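This is query_37.cif. It holds mmCIF, C-alpha atoms and all ligand atoms.
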```cif
data_final
#
loop_
_atom_site.label_atom_id
_atom_site.label_comp_id
_atom_site.auth_asym_id
_atom_site.auth_seq_id
_atom_site.Cartn_x
_atom_site.Cartn_y
_atom_site.Cartn_z
CA MET A 395 110.38 127.50 82.18
CA ALA A 396 108.88 124.02 82.51
CA GLN A 397 105.20 124.00 83.38
CA ASN A 398 105.64 122.84 86.99
CA ASP A 399 108.70 124.90 87.90
CA ASN A 400 106.71 127.31 90.02
CA LEU A 401 104.96 124.58 92.04
CA ALA A 402 106.36 123.40 95.38
CA VAL A 403 107.13 119.90 94.15
CA PRO A 404 110.60 118.57 95.00
CA SER A 405 112.13 116.91 91.99
CA GLY A 406 113.99 114.08 93.80
CA ASP A 407 112.57 110.96 95.46
CA LYS A 408 112.07 112.66 98.82
CA TYR A 409 108.35 113.34 98.43
CA VAL A 410 105.83 111.62 96.23
CA THR A 411 102.86 113.80 95.40
CA VAL A 412 99.90 113.75 93.04
CA PHE A 413 102.19 115.39 90.45
CA ASN A 414 104.43 112.36 90.08
CA ASP A 415 102.01 109.58 91.10
CA PRO A 416 98.60 110.60 89.79
CA ILE A 417 97.17 107.08 89.95
CA ASN A 418 97.80 106.34 93.63
CA PHE A 419 96.96 109.88 94.66
CA ASN A 420 93.56 109.56 93.06
CA ALA A 421 92.76 106.51 95.18
CA LYS A 422 89.58 106.97 97.17
CA HIS A 423 89.37 106.05 100.85
CA PRO A 424 86.60 103.51 101.44
CA LEU A 425 84.13 103.82 104.29
CA ASN A 426 83.15 100.73 106.28
CA ASN A 427 79.58 101.07 105.01
CA SER A 428 77.78 102.59 102.06
CA TRP A 429 75.44 105.42 103.04
CA THR A 430 72.35 106.78 101.32
CA LEU A 431 71.17 110.36 101.66
CA TRP A 432 67.41 110.97 101.57
CA PHE A 433 65.36 114.16 101.67
CA ASP A 434 61.75 114.88 102.42
CA ASN A 435 59.47 117.78 103.11
CA PRO A 436 56.08 116.15 103.64
CA GLY A 437 54.08 119.32 104.31
CA LYS A 438 51.00 119.78 106.45
CA LYS A 439 48.74 117.30 104.62
CA SER A 440 51.05 114.39 105.31
CA ASN A 441 50.11 111.58 107.67
CA ALA A 442 51.56 108.19 108.56
CA ASN A 443 49.79 106.59 105.58
CA ASN A 444 51.07 108.89 102.82
CA TRP A 445 54.27 110.16 104.42
CA GLU A 446 56.51 107.82 102.43
CA GLN A 447 55.45 109.41 99.13
CA SER A 448 57.43 112.55 99.84
CA LEU A 449 60.62 110.66 100.66
CA LYS A 450 63.30 111.11 97.97
CA GLU A 451 66.42 109.01 97.67
CA LEU A 452 69.20 111.41 96.64
CA ILE A 453 72.51 109.55 96.41
CA THR A 454 74.61 106.69 97.82
CA PHE A 455 78.34 106.96 98.52
CA ASP A 456 80.96 104.68 100.03
CA THR A 457 84.17 106.72 100.14
CA VAL A 458 85.40 109.71 102.14
CA GLU A 459 85.94 111.70 98.97
CA ASP A 460 82.45 111.03 97.64
CA PHE A 461 80.96 112.05 101.00
CA TRP A 462 82.62 115.47 100.68
CA GLY A 463 81.56 115.67 97.04
CA VAL A 464 77.95 115.23 98.16
CA TYR A 465 78.17 117.47 101.22
CA ASN A 466 79.76 120.34 99.30
CA ASN A 467 77.12 120.26 96.60
CA ILE A 468 73.82 120.00 98.42
CA MET A 469 71.85 122.73 100.13
CA LYS A 470 73.02 123.51 103.64
CA THR A 471 70.63 122.64 106.48
CA CYS A 472 70.27 126.30 107.49
CA ASP A 473 68.93 127.09 103.99
CA LEU A 474 66.29 124.34 103.89
CA SER A 475 62.64 125.29 104.22
CA ILE A 476 60.56 124.49 107.30
CA SER A 477 59.43 120.82 107.53
CA SER A 478 62.46 119.56 105.58
CA ASN A 479 64.49 116.56 106.72
CA TYR A 480 67.77 115.10 105.54
CA HIS A 481 68.18 111.41 106.41
CA LEU A 482 71.56 109.68 106.10
CA PHE A 483 71.10 105.92 106.50
CA LYS A 484 73.16 102.83 105.83
CA GLN A 485 72.47 101.64 102.31
CA GLY A 486 69.54 99.23 102.29
CA ILE A 487 67.80 100.77 105.32
CA LYS A 488 64.89 103.07 104.49
CA PRO A 489 64.60 106.00 106.90
CA MET A 490 61.22 104.92 108.19
CA TRP A 491 59.94 103.12 111.28
CA GLU A 492 58.54 100.31 109.14
CA ASP A 493 61.91 99.21 107.72
CA PRO A 494 62.96 95.82 109.23
CA ALA A 495 66.15 97.39 110.58
CA ASN A 496 64.24 100.15 112.37
CA LYS A 497 61.04 98.52 113.48
CA HIS A 498 62.39 97.34 116.84
CA GLY A 499 64.60 100.41 117.21
CA GLY A 500 64.47 103.87 118.62
CA LYS A 501 66.15 107.22 118.33
CA TRP A 502 68.37 109.54 120.30
CA SER A 503 67.32 113.12 119.62
CA ILE A 504 67.90 116.66 120.68
CA GLN A 505 66.01 119.81 119.76
CA LEU A 506 68.13 122.87 119.17
CA PRO A 507 66.40 126.26 119.36
CA ARG A 508 66.48 127.83 115.92
CA ASN A 509 67.45 131.32 117.09
CA LYS A 510 70.48 130.01 118.99
CA THR A 511 71.75 127.43 116.51
CA MET A 512 71.04 128.96 113.09
CA SER A 513 74.73 129.68 112.47
CA GLU A 514 75.89 126.37 113.99
CA ILE A 515 73.44 123.85 112.61
CA ASP A 516 75.46 123.06 109.49
CA ASN A 517 78.47 122.08 111.58
CA ILE A 518 76.36 120.16 114.09
CA TRP A 519 74.79 118.14 111.26
CA LEU A 520 78.22 117.69 109.63
CA TYR A 521 79.72 116.32 112.88
CA THR A 522 76.68 114.05 113.30
CA MET A 523 77.23 112.58 109.83
CA LEU A 524 81.01 112.30 110.35
CA ALA A 525 80.48 110.35 113.60
CA CYS A 526 78.25 107.96 111.66
CA ILE A 527 80.27 107.39 108.51
CA GLY A 528 83.50 107.40 110.54
CA GLU A 529 82.05 104.65 112.75
CA ALA A 530 82.69 106.43 116.02
CA PHE A 531 80.33 104.19 117.99
CA GLU A 532 81.24 101.21 120.14
CA TYR A 533 78.12 99.33 118.97
CA GLU A 534 78.45 100.29 115.32
CA ASN A 535 76.03 97.69 114.05
CA GLU A 536 73.31 99.31 116.17
CA VAL A 537 73.45 102.54 114.18
CA CYS A 538 70.91 102.71 111.34
CA GLY A 539 71.16 106.36 110.40
CA VAL A 540 70.83 110.00 111.35
CA VAL A 541 68.27 112.69 110.61
CA VAL A 542 68.25 116.47 110.74
CA SER A 543 64.82 118.10 110.83
CA VAL A 544 64.08 121.75 110.18
CA ARG A 545 61.05 122.95 112.12
CA LYS A 546 59.52 126.34 112.78
CA GLY A 547 61.14 126.98 116.14
CA PHE A 548 63.99 124.47 116.22
CA PHE A 549 66.26 122.04 114.46
CA ARG A 550 66.24 118.42 115.60
CA ILE A 551 69.14 115.99 115.30
CA ALA A 552 68.29 112.31 115.71
CA LEU A 553 70.23 109.06 115.56
CA TRP A 554 68.21 105.91 114.84
CA THR A 555 69.24 102.61 116.37
CA ARG A 556 68.40 99.03 115.48
CA THR A 557 67.16 97.96 118.93
CA ALA A 558 65.45 99.84 121.71
CA ASP A 559 65.56 97.42 124.63
CA ASN A 560 69.27 97.36 125.52
CA HIS A 561 69.97 100.13 128.00
CA ASP A 562 73.78 99.77 128.01
CA MET A 563 74.11 99.84 124.24
CA ALA A 564 71.72 102.74 123.90
CA MET A 565 73.50 104.78 126.59
CA SER A 566 76.88 104.15 125.00
CA ILE A 567 75.60 105.42 121.65
CA GLY A 568 73.90 108.42 123.23
CA ARG A 569 77.04 109.44 125.09
CA THR A 570 79.23 109.11 121.99
CA LEU A 571 76.77 111.13 119.93
CA LYS A 572 76.67 113.89 122.51
CA LYS A 573 80.47 114.02 122.70
CA SER A 574 80.87 113.94 118.91
CA ILE A 575 78.65 116.88 118.16
CA ASN A 576 79.50 118.81 121.31
CA VAL A 577 76.24 120.62 121.97
CA ASP A 578 74.79 121.56 125.33
CA GLY A 579 71.45 120.15 126.25
CA GLN A 580 69.74 116.87 126.91
CA PHE A 581 69.48 114.04 124.39
CA GLU A 582 66.50 111.74 124.80
CA PHE A 583 66.10 108.17 123.65
CA GLN A 584 62.72 106.75 122.78
CA PRO A 585 61.66 103.59 120.98
CA HIS A 586 59.92 104.46 117.69
CA HIS A 587 56.76 102.70 118.78
CA GLU A 588 56.55 104.97 121.84
CA THR A 589 57.13 108.17 119.89
CA LYS A 590 53.47 109.07 120.04
CA THR A 591 52.57 107.46 123.35
CA GLY A 592 55.20 109.30 125.35
CA GLY A 593 56.94 106.66 127.52
CA LYS A 594 59.62 108.09 129.84
CA PRO A 595 62.80 108.53 127.73
CA TRP A 596 66.38 107.61 128.65
CA THR A 597 68.59 110.70 128.68
CA VAL A 598 72.26 111.73 128.39
P1 LIG B 1 58.27 113.66 112.37
O1 LIG B 1 58.69 114.62 111.33
O2 LIG B 1 59.19 112.56 112.71
O3 LIG B 1 57.84 114.37 113.72
O4 LIG B 1 56.91 112.97 111.95
P2 LIG B 1 57.70 115.92 114.13
O5 LIG B 1 58.81 116.73 113.60
O6 LIG B 1 57.54 115.89 115.61
O7 LIG B 1 56.35 116.30 113.51
P3 LIG B 1 56.01 117.57 112.61
O8 LIG B 1 54.52 117.41 112.45
O9 LIG B 1 56.44 118.77 113.38
O10 LIG B 1 56.73 117.39 111.32
C1 LIG B 1 55.82 113.73 111.51
C2 LIG B 1 54.81 112.81 110.90
O11 LIG B 1 55.34 112.23 109.71
C3 LIG B 1 54.42 111.62 111.75
O12 LIG B 1 53.39 111.92 112.67
C4 LIG B 1 53.95 110.64 110.70
O13 LIG B 1 52.66 110.99 110.24
C5 LIG B 1 54.94 110.90 109.58
N1 LIG B 1 56.12 110.03 109.70
C6 LIG B 1 57.33 110.37 110.15
N2 LIG B 1 58.15 109.32 110.11
C7 LIG B 1 59.56 109.31 110.48
C8 LIG B 1 57.44 108.25 109.65
C9 LIG B 1 57.77 106.89 109.39
O14 LIG B 1 58.89 106.41 109.59
N3 LIG B 1 56.77 106.13 108.92
C10 LIG B 1 55.51 106.63 108.69
N4 LIG B 1 54.57 105.82 108.23
N5 LIG B 1 55.20 107.91 108.90
C11 LIG B 1 56.15 108.73 109.39
#
```
Since I need it in another form, could you write the structure as structure tokens?
Amino acid sequence: MAQNDNLAVPSGDKYVTVFNDPINFNAKHPLNNSWTLWFDNPGKKSNANNWEQSLKELITFDTVEDFWGVYNNIMKTCDLSISSNYHLFKQGIKPMWEDPANKHGGKWSIQLPRNKTMSEIDNIWLYTMLACIGEAFEYENEVCGVVVSVRKGFFRIALWTRTADNHDMAMSIGRTLKKSINVDGQFEFQPHHETKTGGKPWTV
């Protein structure tokens, strides 16, 4: 018996599969942007001056296949230790307020109680990343990146935007994020520079 006789591969021209066109079937599907995954767990001694030291750049990818290769081989969010953060940002944008792309921006965020979302957080983070890399947003250029944070009592999902003073654009992004990850609860938008001063946030 020939080696492939027991595989469901029609021998005629009707279907072309990886078995008879290995070159085209190995083609990767490009994303619109390249994305870089970062990780940090700054610990209790961290402050705004030394926080950057704990930030680690993990990997950059620019195809659908490489995204899944990364996702399937890194630790799941639910297994990360308290204080950890994954940051997925467009290549060239550092996941910090000081980066030129972020410094006039803000973030949409939602806190998800740990006890309720432990079993769901991996999917919620996955859908957040898919919305980003799949360019689900009307104002795509506004999106800088997304962050998942593991804290003692909750997980936090955040989407960072390039500008913080355009209500319509921000609301459009907030609504799309909420729909994409399909979680109950209120998302809040705050400019980065108001994070510590507590201005009244926009909500969806
Ligand atoms: P955080 O993790 O964004 O907030 O920032 P959280 O989760 O509310 O706080 P936690 O204490 O529960 O972890 C925590 C701290 O990290 C900030 O107060 C800063 O000291 C530092 N930090 C965080 N970010 C995102 C930045 C940044 O972009 N730049 C600088 N310089 N420091 C940051």
Subject >> Nearest to ligand LIG 1 (chain B) by atom-to-atom distance, counting all atoms listed in the file, from A:Trp596, A:Phe581, A:Tyr480, A:Phe455 >> reply: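 Comparing A:Trp596, A:Phe581, A:Tyr480, A:Phe455 against ligand LIG 1 (chain B), the winner is A:Tyr480.
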**OP:** Pick out the residues sitting within 8 Å of region 519-525 of chain A, and hand them over as a ChimeraX atom specification; count only C-alpha atoms, and ignore anything fewer than 3 positions along from it in its own chain.
**Re:** /A:471,482,515-516,528-531,540,542,551,571,574-575
**OP:** List the neighbours of region 490-501 of chain A out to 9 Å using all atoms listed in the file; skip same-chain residues closer than 4 positions along the sequence, and give me the result as a VMD selection string.
**Re:** chain A and resid 446 536 538 540 552 to 559 582 to 589
**OP:** List all protein, DNA and RNA residues that have any atom at most 10 Å from ligand LIG 1 (chain B), counting all atoms listed in the file, and write the list as a ChimeraX atom specification.
**Re:** /A:434-447,449,476-479,481,488-493,496-497,505,541-550,552,586,589-590
Please, could you write that set of residues out with C-alpha atoms as a tab-separated table (two decimals), in the coordinates of the input?
```tsv
chain	number	residue	atom	x	y	z
A	434	ASP	CA	61.75	114.88	102.42
A	435	ASN	CA	59.47	117.78	103.11
A	436	PRO	CA	56.08	116.15	103.64
A	437	GLY	CA	54.08	119.32	104.31
A	438	LYS	CA	51.00	119.78	106.45
A	439	LYS	CA	48.74	117.30	104.62
A	440	SER	CA	51.05	114.39	105.31
A	441	ASN	CA	50.11	111.58	107.67
A	442	ALA	CA	51.56	108.19	108.56
A	443	ASN	CA	49.79	106.59	105.58
A	444	ASN	CA	51.07	108.89	102.82
A	445	TRP	CA	54.27	110.16	104.42
A	446	GLU	CA	56.51	107.82	102.43
A	447	GLN	CA	55.45	109.41	99.13
A	449	LEU	CA	60.62	110.66	100.66
A	476	ILE	CA	60.56	124.49	107.30
A	477	SER	CA	59.43	120.82	107.53
A	478	SER	CA	62.46	119.56	105.58
A	479	ASN	CA	64.49	116.56	106.72
A	481	HIS	CA	68.18	111.41	106.41
A	488	LYS	CA	64.89	103.07	104.49
A	489	PRO	CA	64.60	106.00	106.90
A	490	MET	CA	61.22	104.92	108.19
A	491	TRP	CA	59.94	103.12	111.28
A	492	GLU	CA	58.54	100.31	109.14
A	493	ASP	CA	61.91	99.21	107.72
A	496	ASN	CA	64.24	100.15	112.37
A	497	LYS	CA	61.04	98.52	113.48
A	505	GLN	CA	66.01	119.81	119.76
A	541	VAL	CA	68.27	112.69	110.61
A	542	VAL	CA	68.25	116.47	110.74
A	543	SER	CA	64.82	118.10	110.83
A	544	VAL	CA	64.08	121.75	110.18
A	545	ARG	CA	61.05	122.95	112.12
A	546	LYS	CA	59.52	126.34	112.78
A	547	GLY	CA	61.14	126.98	116.14
A	548	PHE	CA	63.99	124.47	116.22
A	549	PHE	CA	66.26	122.04	114.46
A	550	ARG	CA	66.24	118.42	115.60
A	552	ALA	CA	68.29	112.31	115.71
A	586	HIS	CA	59.92	104.46	117.69
A	589	THR	CA	57.13	108.17	119.89
A	590	LYS	CA	53.47	109.07	120.04
```
Subject >> Computed interatomic separation between CA of Val537 (chain A) and CA of Ile487 (chain A) (Å) >> reply: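 Going from CA of Val537 (chain A) over to CA of Ile487 (chain A) covers 10.7 Å.
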**OP:** Have a look at CA of Thr430 (chain A) and CA of Trp502 (chain A) and let me know their distance in Å, one decimal.
**Re:**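 These two atoms are separated by 19.6 Å.
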**OP:** Check the smallest atom-to-atom distance from each of A:Cys472, A:Ala564, A:Ile453, A:Val412 to Glu514 (chain A) using all atoms listed in the file, then report the winner.
**Re:**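 Distance minimum relative to Glu514 (chain A) lands on A:Cys472.
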Residue completion, region 488-513 of chain A, N, CA, C and O atoms, as an mmCIF file, in the coordinates of the input:
```cif
data_model
loop_
_atom_site.group_PDB
_atom_site.id
_atom_site.type_symbol
_atom_site.label_atom_id
_atom_site.label_comp_id
_atom_site.auth_asym_id
_atom_site.auth_seq_id
_atom_site.Cartn_x
_atom_site.Cartn_y
_atom_site.Cartn_z
ATOM 1 N N LYS A 488 65.716 101.893 104.795
ATOM 2 C CA LYS A 488 64.890 103.070 104.490
ATOM 3 C C LYS A 488 64.686 103.873 105.766
ATOM 4 O O LYS A 488 64.494 103.273 106.841
ATOM 5 N N PRO A 489 64.691 105.195 105.670
ATOM 6 C CA PRO A 489 64.600 106.000 106.900
ATOM 7 C C PRO A 489 63.189 106.083 107.445
ATOM 8 O O PRO A 489 62.647 107.165 107.639
ATOM 9 N N MET A 490 62.585 104.938 107.650
ATOM 10 C CA MET A 490 61.220 104.920 108.190
ATOM 11 C C MET A 490 61.067 103.822 109.233
ATOM 12 O O MET A 490 61.770 102.809 109.191
ATOM 13 N N TRP A 491 60.138 104.054 110.160
ATOM 14 C CA TRP A 491 59.940 103.120 111.280
ATOM 15 C C TRP A 491 59.682 101.713 110.789
ATOM 16 O O TRP A 491 60.062 100.738 111.424
ATOM 17 N N GLU A 492 58.999 101.607 109.633
ATOM 18 C CA GLU A 492 58.540 100.310 109.140
ATOM 19 C C GLU A 492 59.667 99.431 108.601
ATOM 20 O O GLU A 492 59.487 98.230 108.429
ATOM 21 N N ASP A 493 60.822 100.019 108.277
ATOM 22 C CA ASP A 493 61.910 99.210 107.720
ATOM 23 C C ASP A 493 62.306 98.137 108.749
ATOM 24 O O ASP A 493 62.371 98.408 109.952
ATOM 25 N N PRO A 494 62.606 96.892 108.287
ATOM 26 C CA PRO A 494 62.960 95.820 109.230
ATOM 27 C C PRO A 494 64.096 96.200 110.178
ATOM 28 O O PRO A 494 64.104 95.775 111.338
ATOM 29 N N ALA A 495 65.028 97.011 109.711
ATOM 30 C CA ALA A 495 66.150 97.390 110.580
ATOM 31 C C ALA A 495 65.731 98.382 111.665
ATOM 32 O O ALA A 495 66.398 98.507 112.695
ATOM 33 N N ASN A 496 64.654 99.107 111.417
ATOM 34 C CA ASN A 496 64.240 100.150 112.370
ATOM 35 C C ASN A 496 63.066 99.743 113.261
ATOM 36 O O ASN A 496 62.812 100.386 114.280
ATOM 37 N N LYS A 497 62.353 98.704 112.840
ATOM 38 C CA LYS A 497 61.040 98.520 113.480
ATOM 39 C C LYS A 497 61.103 98.134 114.945
ATOM 40 O O LYS A 497 60.142 98.362 115.672
ATOM 41 N N HIS A 498 62.251 97.595 115.400
ATOM 42 C CA HIS A 498 62.390 97.340 116.840
ATOM 43 C C HIS A 498 63.294 98.389 117.494
ATOM 44 O O HIS A 498 63.740 98.214 118.624
ATOM 45 N N GLY A 499 63.604 99.443 116.745
ATOM 46 C CA GLY A 499 64.600 100.410 117.210
ATOM 47 C C GLY A 499 64.010 101.645 117.849
ATOM 48 O O GLY A 499 62.818 101.719 118.161
ATOM 49 N N GLY A 500 64.886 102.610 118.021
ATOM 50 C CA GLY A 500 64.470 103.870 118.620
ATOM 51 C C GLY A 500 65.397 104.970 118.151
ATOM 52 O O GLY A 500 66.205 104.756 117.245
ATOM 53 N N LYS A 501 65.272 106.128 118.756
ATOM 54 C CA LYS A 501 66.150 107.220 118.330
ATOM 55 C C LYS A 501 66.592 108.073 119.513
ATOM 56 O O LYS A 501 65.822 108.299 120.460
ATOM 57 N N TRP A 502 67.853 108.499 119.433
ATOM 58 C CA TRP A 502 68.370 109.540 120.300
ATOM 59 C C TRP A 502 68.094 110.857 119.605
ATOM 60 O O TRP A 502 68.419 111.013 118.425
ATOM 61 N N SER A 503 67.536 111.846 120.308
ATOM 62 C CA SER A 503 67.320 113.120 119.620
ATOM 63 C C SER A 503 67.499 114.290 120.568
ATOM 64 O O SER A 503 67.401 114.156 121.794
ATOM 65 N N ILE A 504 67.803 115.409 119.931
ATOM 66 C CA ILE A 504 67.900 116.660 120.680
ATOM 67 C C ILE A 504 67.308 117.771 119.826
ATOM 68 O O ILE A 504 67.499 117.781 118.599
ATOM 69 N N GLN A 505 66.561 118.644 120.465
ATOM 70 C CA GLN A 505 66.010 119.810 119.760
ATOM 71 C C GLN A 505 66.873 121.018 120.065
ATOM 72 O O GLN A 505 67.182 121.289 121.235
ATOM 73 N N LEU A 506 67.245 121.720 119.020
ATOM 74 C CA LEU A 506 68.130 122.870 119.170
ATOM 75 C C LEU A 506 67.366 124.122 118.759
ATOM 76 O O LEU A 506 66.908 124.204 117.609
ATOM 77 N N PRO A 507 67.208 125.070 119.679
ATOM 78 C CA PRO A 507 66.400 126.260 119.360
ATOM 79 C C PRO A 507 66.957 126.966 118.117
ATOM 80 O O PRO A 507 68.167 127.174 117.997
ATOM 81 N N ARG A 508 66.065 127.279 117.206
ATOM 82 C CA ARG A 508 66.480 127.830 115.920
ATOM 83 C C ARG A 508 67.266 129.134 116.083
ATOM 84 O O ARG A 508 68.302 129.326 115.450
ATOM 85 N N ASN A 509 66.785 130.025 116.969
ATOM 86 C CA ASN A 509 67.450 131.320 117.090
ATOM 87 C C ASN A 509 68.882 131.188 117.599
ATOM 88 O O ASN A 509 69.757 131.950 117.243
ATOM 89 N N LYS A 510 69.136 130.161 118.418
ATOM 90 C CA LYS A 510 70.480 130.010 118.990
ATOM 91 C C LYS A 510 71.417 129.239 118.054
ATOM 92 O O LYS A 510 72.638 129.397 118.123
ATOM 93 N N THR A 511 70.879 128.363 117.235
ATOM 94 C CA THR A 511 71.750 127.430 116.510
ATOM 95 C C THR A 511 71.786 127.653 115.007
ATOM 96 O O THR A 511 72.423 126.906 114.293
ATOM 97 N N MET A 512 71.105 128.711 114.535
ATOM 98 C CA MET A 512 71.040 128.960 113.090
ATOM 99 C C MET A 512 72.436 128.925 112.452
ATOM 100 O O MET A 512 72.640 128.311 111.416
ATOM 101 N N SER A 513 73.401 129.596 113.093
ATOM 102 C CA SER A 513 74.730 129.680 112.470
ATOM 103 C C SER A 513 75.553 128.415 112.726
ATOM 104 O O SER A 513 76.597 128.224 112.123
#
```
